[in-house]
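Content type mmCIF, C-alpha atoms and all ligand atoms, from the file data30.cif:
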data_run
#
loop_
_atom_site.label_atom_id
_atom_site.label_comp_id
_atom_site.auth_asym_id
_atom_site.auth_seq_id
_atom_site.Cartn_x
_atom_site.Cartn_y
_atom_site.Cartn_z
CA MET A 1 47.02 46.51 133.73
CA SER A 2 49.52 48.91 135.34
CA GLU A 3 51.70 51.30 133.30
CA ASN A 4 54.99 49.62 133.97
CA HIS A 5 54.08 46.63 131.81
CA LYS A 6 56.23 45.95 128.81
CA ILE A 7 54.54 46.27 125.44
CA ILE A 8 55.06 43.70 122.69
CA GLU A 9 53.86 44.05 119.11
CA ILE A 10 51.84 41.09 117.95
CA GLU A 11 51.24 40.78 114.24
CA VAL A 12 48.23 38.61 113.52
CA LEU A 13 47.16 37.03 110.26
CA ARG A 14 43.51 38.02 109.95
CA TYR A 15 40.98 36.54 107.59
CA ASN A 16 37.24 36.93 107.56
CA PRO A 17 35.73 34.74 104.83
CA GLU A 18 32.67 37.03 104.64
CA SER A 19 34.51 40.25 103.85
CA ASP A 20 38.14 39.51 102.93
CA GLU A 21 39.47 38.47 99.55
CA GLU A 22 42.57 37.08 101.20
CA PRO A 23 44.30 37.02 104.58
CA HIS A 24 46.20 40.12 105.71
CA LEU A 25 48.38 41.06 108.67
CA GLU A 26 47.38 43.42 111.46
CA VAL A 27 49.58 44.64 114.29
CA TYR A 28 48.47 45.08 117.90
CA LYS A 29 50.46 46.55 120.78
CA VAL A 30 49.91 44.26 123.73
CA PRO A 31 51.03 44.97 127.31
CA PHE A 32 52.28 41.76 128.88
CA THR A 33 53.76 40.21 131.99
CA ASP A 34 56.44 37.55 132.06
CA ASP A 35 54.00 34.78 132.75
CA MET A 36 51.83 35.51 129.71
CA SER A 37 51.63 32.98 126.89
CA VAL A 38 51.10 33.83 123.25
CA LEU A 39 47.57 32.47 123.67
CA GLN A 40 46.97 34.99 126.44
CA GLY A 41 48.33 37.67 124.11
CA ALA A 42 45.70 36.69 121.55
CA GLN A 43 43.07 36.72 124.27
CA TYR A 44 44.17 40.23 125.27
CA ILE A 45 43.67 41.39 121.69
CA LYS A 46 40.23 39.79 121.58
CA ASP A 47 39.19 41.37 124.90
CA ASN A 48 40.62 44.84 124.28
CA PHE A 49 41.03 45.56 120.58
CA ASP A 50 38.88 43.34 118.41
CA GLY A 51 36.31 40.91 119.75
CA SER A 52 36.01 39.23 116.37
CA LEU A 53 39.51 37.72 116.52
CA THR A 54 38.97 33.97 116.27
CA PHE A 55 41.20 31.19 117.57
CA ARG A 56 40.86 27.78 119.20
CA TRP A 57 41.90 26.88 122.71
CA SER A 58 40.67 24.92 125.66
CA CYS A 59 43.03 23.50 128.28
CA ARG A 60 45.78 26.17 128.35
CA MET A 61 48.19 23.47 129.50
CA ALA A 62 49.41 21.71 126.36
CA ILE A 63 47.00 18.83 126.69
CA CYS A 64 44.03 19.45 124.40
CA GLY A 65 46.01 20.24 121.27
CA SER A 66 43.65 22.93 119.98
CA CYS A 67 45.77 26.10 120.24
CA GLY A 68 48.38 25.36 117.56
CA MET A 69 49.48 28.25 115.37
CA MET A 70 52.48 29.41 113.40
CA ILE A 71 54.54 31.55 115.75
CA ASN A 72 57.20 33.42 113.81
CA GLY A 73 56.81 30.75 111.15
CA ILE A 74 57.20 27.75 113.45
CA PRO A 75 54.25 25.52 114.36
CA LYS A 76 53.80 25.68 118.15
CA LEU A 77 51.18 25.35 120.86
CA SER A 78 50.44 28.97 121.74
CA CYS A 79 49.56 28.12 125.34
CA GLU A 80 53.05 26.86 126.11
CA THR A 81 54.92 29.56 124.18
CA PHE A 82 55.72 32.72 126.11
CA LEU A 83 55.68 36.32 124.95
CA ARG A 84 58.75 37.11 127.07
CA ASP A 85 60.86 34.85 124.86
CA TYR A 86 60.18 37.09 121.85
CA TYR A 87 60.30 40.51 123.48
CA PRO A 88 61.48 43.11 122.45
CA ASN A 89 60.98 41.85 118.92
CA ARG A 90 57.66 41.75 117.16
CA ILE A 91 55.96 38.39 117.15
CA ARG A 92 53.90 37.11 114.22
CA ILE A 93 51.09 34.62 114.68
CA GLU A 94 49.33 32.92 111.79
CA ALA A 95 46.99 30.03 111.17
CA LEU A 96 48.71 26.63 110.93
CA ALA A 97 50.41 26.23 107.58
CA HIS A 98 49.12 23.85 104.87
CA PHE A 99 45.51 23.87 106.09
CA PRO A 100 42.68 25.90 104.60
CA ILE A 101 41.88 28.88 106.86
CA GLU A 102 38.34 29.05 108.14
CA LYS A 103 38.65 32.34 109.99
CA ASP A 104 41.69 34.15 111.42
CA LEU A 105 43.71 31.52 113.31
CA VAL A 106 41.18 28.72 112.92
CA VAL A 107 41.89 26.13 110.24
CA ASP A 108 39.67 23.54 108.62
CA LEU A 109 40.60 20.16 110.09
CA SER A 110 38.00 18.04 108.31
CA GLY A 111 40.64 16.40 106.08
CA PHE A 112 42.61 15.40 109.16
CA ILE A 113 39.53 13.97 110.87
CA GLU A 114 38.82 11.86 107.79
CA LYS A 115 42.35 10.50 107.94
CA LEU A 116 41.97 9.63 111.61
CA GLU A 117 38.85 7.67 110.77
CA ALA A 118 40.51 5.97 107.80
CA ILE A 119 43.23 4.32 109.89
CA GLN A 120 40.75 2.28 111.98
CA PRO A 121 41.93 3.83 115.25
CA TYR A 122 40.70 1.11 117.59
CA ILE A 123 41.80 -2.36 118.64
CA ILE A 124 40.55 -5.08 116.33
CA PRO A 125 41.36 -8.36 118.09
CA LYS A 126 42.97 -11.23 116.21
CA GLU A 127 40.24 -13.52 117.42
CA PRO A 128 37.29 -12.47 119.52
CA LYS A 129 37.25 -13.72 123.10
CA THR A 130 34.25 -14.42 125.24
CA LEU A 131 33.95 -12.68 128.59
CA ALA A 132 34.56 -15.99 130.33
CA GLU A 133 37.95 -16.29 128.65
CA GLY A 134 39.07 -13.17 130.47
CA GLU A 135 40.92 -10.04 129.48
CA TYR A 136 43.73 -9.59 126.97
CA LEU A 137 46.95 -9.57 128.97
CA GLN A 138 49.98 -7.58 127.99
CA THR A 139 53.56 -7.69 129.23
CA PRO A 140 55.43 -4.45 130.03
CA LYS A 141 57.53 -5.11 126.94
CA GLU A 142 54.46 -5.34 124.70
CA PHE A 143 53.13 -2.19 126.34
CA ASN A 144 56.37 -0.32 125.68
CA ALA A 145 56.19 -1.18 121.99
CA TYR A 146 53.34 1.27 121.39
CA ILE A 147 53.00 3.57 124.40
CA GLN A 148 55.01 6.41 122.86
CA PHE A 149 52.58 6.61 119.95
CA THR A 150 49.60 7.01 122.26
CA SER A 151 50.76 10.44 123.46
CA CYS A 152 49.52 12.31 120.38
CA ILE A 153 47.11 15.14 121.18
CA ASN A 154 46.03 15.73 117.56
CA CYS A 155 47.41 19.25 117.54
CA THR A 156 48.40 18.85 113.85
CA LEU A 157 51.60 20.84 114.34
CA CYS A 158 53.33 18.01 112.49
CA TYR A 159 51.10 18.57 109.44
CA ALA A 160 51.94 22.27 109.47
CA ALA A 161 55.61 21.22 109.58
CA CYS A 162 55.44 18.62 106.81
CA PRO A 163 56.42 19.95 103.37
CA GLN A 164 55.04 16.85 101.68
CA PHE A 165 51.60 17.36 103.22
CA GLY A 166 51.88 20.95 101.99
CA LEU A 167 52.42 19.65 98.46
CA ASN A 168 49.87 16.84 98.60
CA PRO A 169 47.00 17.26 101.07
CA ASP A 170 45.91 13.67 100.41
CA PHE A 171 49.08 12.35 102.09
CA ILE A 172 47.98 10.44 105.19
CA GLY A 173 50.61 12.39 107.13
CA PRO A 174 52.55 12.10 110.39
CA ALA A 175 50.00 12.06 113.23
CA ALA A 176 47.57 9.67 111.50
CA MET A 177 50.48 7.34 110.76
CA ALA A 178 51.66 7.54 114.37
CA LEU A 179 48.22 6.54 115.56
CA LEU A 180 47.96 3.79 112.97
CA HIS A 181 51.31 2.48 114.14
CA ARG A 182 50.12 2.66 117.73
CA TYR A 183 47.36 0.14 116.95
CA ASN A 184 49.54 -2.03 114.71
CA MET A 185 52.09 -2.34 117.49
CA ASP A 186 49.53 -3.25 120.14
CA SER A 187 49.79 -6.95 120.96
CA ARG A 188 46.01 -7.12 121.40
CA ASP A 189 45.40 -5.90 117.86
CA GLY A 190 45.31 -8.07 114.76
CA ALA A 191 44.38 -5.66 111.98
CA SER A 192 47.71 -4.46 110.59
CA ALA A 193 47.04 -6.33 107.34
CA SER A 194 43.82 -4.42 106.76
CA ARG A 195 45.51 -1.11 107.61
CA MET A 196 48.22 -1.92 105.07
CA GLU A 197 46.01 -0.97 102.14
CA LEU A 198 46.21 2.66 103.24
CA VAL A 199 49.86 2.55 104.30
CA ALA A 200 50.96 1.17 100.93
CA SER A 201 48.65 3.30 98.79
CA GLU A 202 49.36 6.40 96.73
CA GLU A 203 48.25 8.44 99.76
CA GLY A 204 50.44 6.39 102.06
CA VAL A 205 53.90 6.50 103.59
CA TYR A 206 55.90 6.91 100.39
CA ASN A 207 54.87 10.55 100.13
CA CYS A 208 57.34 11.11 102.94
CA SER A 209 60.85 12.12 101.93
CA ALA A 210 62.26 11.74 105.45
CA VAL A 211 62.49 15.43 106.29
CA GLY A 212 61.89 14.73 109.99
CA TYR A 213 60.60 18.21 110.88
CA CYS A 214 57.30 16.68 112.09
CA SER A 215 59.09 14.97 114.96
CA GLU A 216 61.02 18.12 115.77
CA VAL A 217 57.91 20.26 116.27
CA CYS A 218 55.86 17.59 118.08
CA PRO A 219 55.14 18.90 121.59
CA LYS A 220 54.55 15.38 122.92
CA HIS A 221 57.66 13.62 121.60
CA VAL A 222 55.55 11.14 119.67
CA ASP A 223 58.17 10.95 116.89
CA PRO A 224 55.67 10.50 114.06
CA ALA A 225 58.56 10.42 111.55
CA SER A 226 59.72 7.10 112.94
CA ALA A 227 56.20 5.67 112.64
CA VAL A 228 56.14 6.73 108.98
CA ASN A 229 59.58 5.34 108.23
CA ILE A 230 59.08 2.02 109.99
CA ASN A 231 55.98 1.60 107.86
CA LYS A 232 57.86 2.29 104.65
CA ALA A 233 59.85 -0.83 105.43
CA ASN A 234 56.65 -2.70 106.36
CA ALA A 235 54.95 -1.64 103.13
CA ALA A 236 57.98 -2.62 101.06
CA LYS A 237 57.98 -6.04 102.70
CA ASP A 238 54.27 -6.34 101.96
CA TYR A 239 54.83 -5.25 98.37
CA PHE A 240 57.43 -7.89 97.61
CA LEU A 241 56.23 -10.72 99.82
CA ARG A 242 52.48 -10.38 99.32
CA PHE A 243 52.41 -13.18 96.76
CA LEU A 244 54.09 -15.54 99.20
CA SER A 245 51.77 -14.93 102.13
CA PRO A 246 48.80 -17.31 102.37
CA LYS A 247 46.24 -14.51 102.21
CA GLY A 248 48.09 -12.71 99.47
CA GLY A 249 48.59 -9.62 101.63
CA SER A 250 46.58 -6.54 100.88
CA LYS A 251 45.51 -6.03 97.29
CA MET B 1 40.75 11.06 100.23
CA SER B 2 39.56 8.61 97.68
CA LYS B 3 37.91 5.49 98.96
CA TYR B 4 39.39 3.15 96.40
CA ARG B 5 43.07 3.27 96.96
CA THR B 6 45.69 2.36 94.41
CA ARG B 7 48.73 0.56 95.66
CA SER B 8 51.83 2.64 95.21
CA ASN B 9 54.68 1.05 93.25
CA ALA B 10 57.13 3.18 95.21
CA PRO B 11 58.65 0.20 97.09
CA ILE B 12 60.63 -0.76 93.97
CA PHE B 13 62.24 2.67 93.64
CA TRP B 14 62.41 3.19 97.37
CA GLY B 15 64.15 -0.17 97.76
CA LEU B 16 66.76 0.68 95.11
CA PHE B 17 67.10 4.13 96.65
CA GLY B 18 67.63 2.68 100.12
CA ALA B 19 70.15 0.11 98.96
CA GLY B 20 72.00 2.71 96.89
CA GLY B 21 72.01 5.20 99.74
CA MET B 22 73.50 2.69 102.11
CA LEU B 23 76.15 1.64 99.61
CA SER B 24 76.97 5.24 98.71
CA ALA B 25 77.37 6.21 102.33
CA LEU B 26 79.65 3.25 103.00
CA PHE B 27 81.82 3.20 99.90
CA VAL B 28 81.60 6.34 97.79
CA PRO B 29 83.74 8.65 99.99
CA MET B 30 86.40 5.94 100.04
CA MET B 31 86.11 5.45 96.28
CA ILE B 32 86.50 9.19 95.69
CA PHE B 33 89.55 9.19 97.90
CA ILE B 34 91.16 6.23 96.12
CA THR B 35 90.28 7.05 92.52
CA GLY B 36 90.31 10.85 92.75
CA ILE B 37 93.05 11.66 95.26
CA ALA B 38 95.26 8.81 96.37
CA VAL B 39 95.96 7.18 93.01
CA PRO B 40 96.39 10.31 90.80
CA LEU B 41 98.60 12.00 93.41
CA GLY B 42 100.55 8.84 94.18
CA PHE B 43 99.55 9.23 97.78
CA LEU B 44 99.62 6.36 100.30
CA LEU B 45 98.96 3.71 97.66
CA PRO B 46 101.76 2.07 95.65
CA ALA B 47 102.22 3.27 92.06
CA GLY B 48 100.19 1.35 89.53
CA THR B 49 97.46 0.40 92.00
CA MET B 50 94.87 1.09 89.35
CA SER B 51 96.92 0.11 86.33
CA TYR B 52 95.02 -1.35 83.39
CA PRO B 53 95.97 -4.99 83.92
CA LYS B 54 95.09 -4.81 87.60
CA MET B 55 91.74 -3.18 86.97
CA LEU B 56 90.96 -5.61 84.18
CA ALA B 57 91.69 -8.51 86.47
CA PHE B 58 89.50 -6.92 89.11
CA ALA B 59 86.64 -6.47 86.66
CA GLN B 60 87.00 -10.03 85.43
CA ASN B 61 86.75 -11.43 88.90
CA PHE B 62 83.31 -12.49 89.96
CA ILE B 63 83.28 -10.43 93.16
CA GLY B 64 84.98 -7.44 91.52
CA LYS B 65 82.31 -7.42 88.82
CA GLY B 66 79.54 -7.48 91.38
CA PHE B 67 81.17 -4.68 93.35
CA ILE B 68 81.59 -2.39 90.35
CA PHE B 69 78.07 -3.09 89.18
CA ALA B 70 76.50 -2.49 92.58
CA ILE B 71 78.41 0.73 93.22
CA ILE B 72 77.65 2.28 89.84
CA SER B 73 74.09 1.11 89.38
CA LEU B 74 72.70 1.41 92.91
CA SER B 75 74.37 4.78 93.60
CA LEU B 76 72.74 6.07 90.47
CA TRP B 77 69.30 4.76 91.43
CA PHE B 78 69.84 6.53 94.72
CA CYS B 79 70.81 9.74 92.94
CA VAL B 80 67.98 9.91 90.45
CA HIS B 81 65.41 9.18 93.16
CA ARG B 82 66.75 12.11 95.16
CA VAL B 83 66.77 14.38 92.11
CA TYR B 84 63.23 13.38 91.22
CA HIS B 85 61.94 14.05 94.71
CA SER B 86 63.87 17.30 95.02
CA LEU B 87 62.24 18.52 91.81
CA HIS B 88 58.88 17.88 93.44
CA GLU B 89 59.99 19.70 96.58
CA PHE B 90 61.06 22.74 94.59
CA GLY B 91 57.57 22.84 93.14
CA ILE B 92 58.49 21.42 89.73
CA HIS B 93 55.85 18.79 89.22
CA ALA B 94 57.10 17.51 85.93
CA GLY B 95 55.12 14.30 86.44
CA MET B 96 55.59 11.28 84.25
CA GLY B 97 58.17 12.93 81.98
CA ALA B 98 60.57 13.70 84.80
CA LYS B 99 59.98 10.30 86.30
CA LEU B 100 60.80 8.55 83.05
CA LEU B 101 63.85 10.72 82.48
CA CYS B 102 65.26 10.23 86.00
CA TYR B 103 64.63 6.53 86.38
CA GLY B 104 65.31 6.02 82.66
CA ILE B 105 68.87 7.29 83.10
CA ALA B 106 69.43 4.90 85.98
CA MET B 107 67.93 2.01 84.02
CA LEU B 108 70.04 2.80 80.96
CA VAL B 109 73.30 3.05 82.89
CA THR B 110 72.44 -0.15 84.74
CA VAL B 111 72.04 -2.00 81.47
CA VAL B 112 75.16 -0.45 79.90
CA CYS B 113 77.12 -1.29 83.02
CA ALA B 114 75.89 -4.88 83.10
CA VAL B 115 76.59 -5.42 79.40
CA GLY B 116 80.06 -3.85 79.71
CA LEU B 117 81.00 -5.94 82.71
CA LEU B 118 79.72 -9.17 81.21
CA GLY B 119 81.49 -8.34 77.92
CA LEU B 120 84.85 -8.28 79.76
CA GLY B 121 84.48 -11.99 80.39
CA PHE B 122 85.47 -13.94 83.45
S1 LIG C 301 52.20 13.61 116.42
FE1 LIG C 301 52.83 15.30 117.79
S2 LIG C 301 52.73 17.15 116.46
FE2 LIG C 301 51.57 15.55 115.42
S3 LIG C 301 49.44 15.86 116.06
FE3 LIG C 301 50.34 14.34 117.48
S4 LIG C 301 51.11 15.53 119.22
FE4 LIG C 301 50.75 16.99 117.54
S1 LIG C 302 45.04 25.23 124.86
FE1 LIG C 302 45.09 23.08 125.03
S2 LIG C 302 47.00 22.61 124.13
FE2 LIG C 302 47.05 24.77 124.19
#
Turn the structure described in the file into structure tokens.
Amino acid sequence: MSENHKIIEIEVLRYNPESDEEPHLEVYKVPFTDDMSVLQGAQYIKDNFDGSLTFRWSCRMAICGSCGMMINGIPKLSCETFLRDYYPNRIRIEALAHFPIEKDLVVDLSGFIEKLEAIQPYIIPKEPKTLAEGEYLQTPKEFNAYIQFTSCINCTLCYAACPQFGLNPDFIGPAAMALLHRYNMDSRDGASASRMELVASEEGVYNCSAVGYCSEVCPKHVDPASAVNINKANAAKDYFLRFLSPKGGSK
Amino acid sequence: MSKYRTRSNAPIFWGLFGAGGMLSALFVPMMIFITGIAVPLGFLLPAGTMSYPKMLAFAQNFIGKGFIFAIISLSLWFCVHRVYHSLHEFGIHAGMGAKLLCYGIAMLVTVVCAVGLLGLGF
């Protein structure tokens, strides 16, 4: 890089489980150009100062959802956040809040993966159709009912934003609820009753206190907060009306 | 996450909270204005708007009774739910004790309010 590059200080939360008692901050002086993202800043550190710096990334275009980190305390995708917007101030990058840190900027997502599995994230038809009966048709209106909730890229920024998930890691949380809602709202699906057990449980939607920060930080405008809140109403209906419904609702 | 999930009984409290929140938002600012500003200062409303006989008649009326009861009781359920959850958010996990205290207050006032209103007769 040529000399006339600007230099920005990047403070990185480092943690090596093999040698560190706890995470600590380290500062690096990184030369940058206006088109450099925070992710590229981290890459510069890895290439030039410390090859052991660990972080996740793949697409570099806000699609894969793997490069999330806390940037000056706000959960963001580091590939679509630019160093120039922070210069001349120092920028601090840390692992996503509320998750256990595996190493440096990499967090342990196994709890989140379990939640994704728990919501039955696939279409379970009301009644099975034979091939001869043809495909399941859907009107544009039925399509619009769920399409917004399909845009989630599992970046978990919303979990890093959610104070209730921070207090109770068992809370099913925003993105898993958005995906659950996506399948419930799909006209081809018939399994909302069986997903209700989770929605209405101690780990379910009522952990949410309607903070709404999850939807604010979501890079894909999924609005997971609305999925959670719509399902509070659904779960309340199920709670009070379950004795009236023929199947008795979910237990 | 545990495999055997317990159903949360939150809908009861959440329902009261929601109803109370809605009612508070709609009526409480107006109530504060009438009872706290307009009437004491003799402002806009005719003198004696909240005189004893008038209020007694209001509280003896079927609809008036319901209104007073709903405003007092539901607003309080709304309040205690917020307080309880805010405690949790501030990191005070007082658990069952706090829960009983918060919702207990709302329950108690609800009962007192109902008994009082019914005692006034129709
Ligand atoms: S809902 Fe939004 S913030 Fe949450 S994981 Fe999906 S894309 Fe990311
Ligand atoms: S690297 Fe794929 S979203 Fe940032």
* Pull out every residue of chain A sitting within 10 Å of chain B, counting only C-alpha atoms, and send them as a VMD selection string. => chain A and resid 111 114 to 115 118 163 to 164 166 to 167 169 to 172 196 to 209 232 to 240 250 to 251
With 5 Å added on each side, what axis-aligned box encloses every listed atom of region 115-126 of chain A? Give the centre and edge lengths in Å to one decimal, as JSON.
{"center_x": 41.0, "center_y": -0.4, "center_z": 113.2, "size_x": 14.4, "size_y": 31.7, "size_z": 20.8}
* **Polymer residues at most 9 Å from region 144-151 of chain A, all atoms listed in the file, same-chain spacing of 6 or more positions, as number ranges by chain** => A: 178-187, 220-224, 227
* **Residues within 12 Å of Lys76 (chain A), all atoms listed in the file, excluding chain neighbours under 3 positions, as a PyMOL selection string** => chain A and resi 37-39+62+65-73+79-82+93-97+155-161+214+216-220
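Distance-wise, CA of Leu83 (chain A) and CA of Met61 (chain A) end up 15.6 Å apart.
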* **Using only C-alpha atoms and all ligand atoms: which of A:Pro100, A:Tyr213, A:Asn16, A:Glu11 has the shortest distance to ligand LIG 301 (chain C)** => A:Tyr213
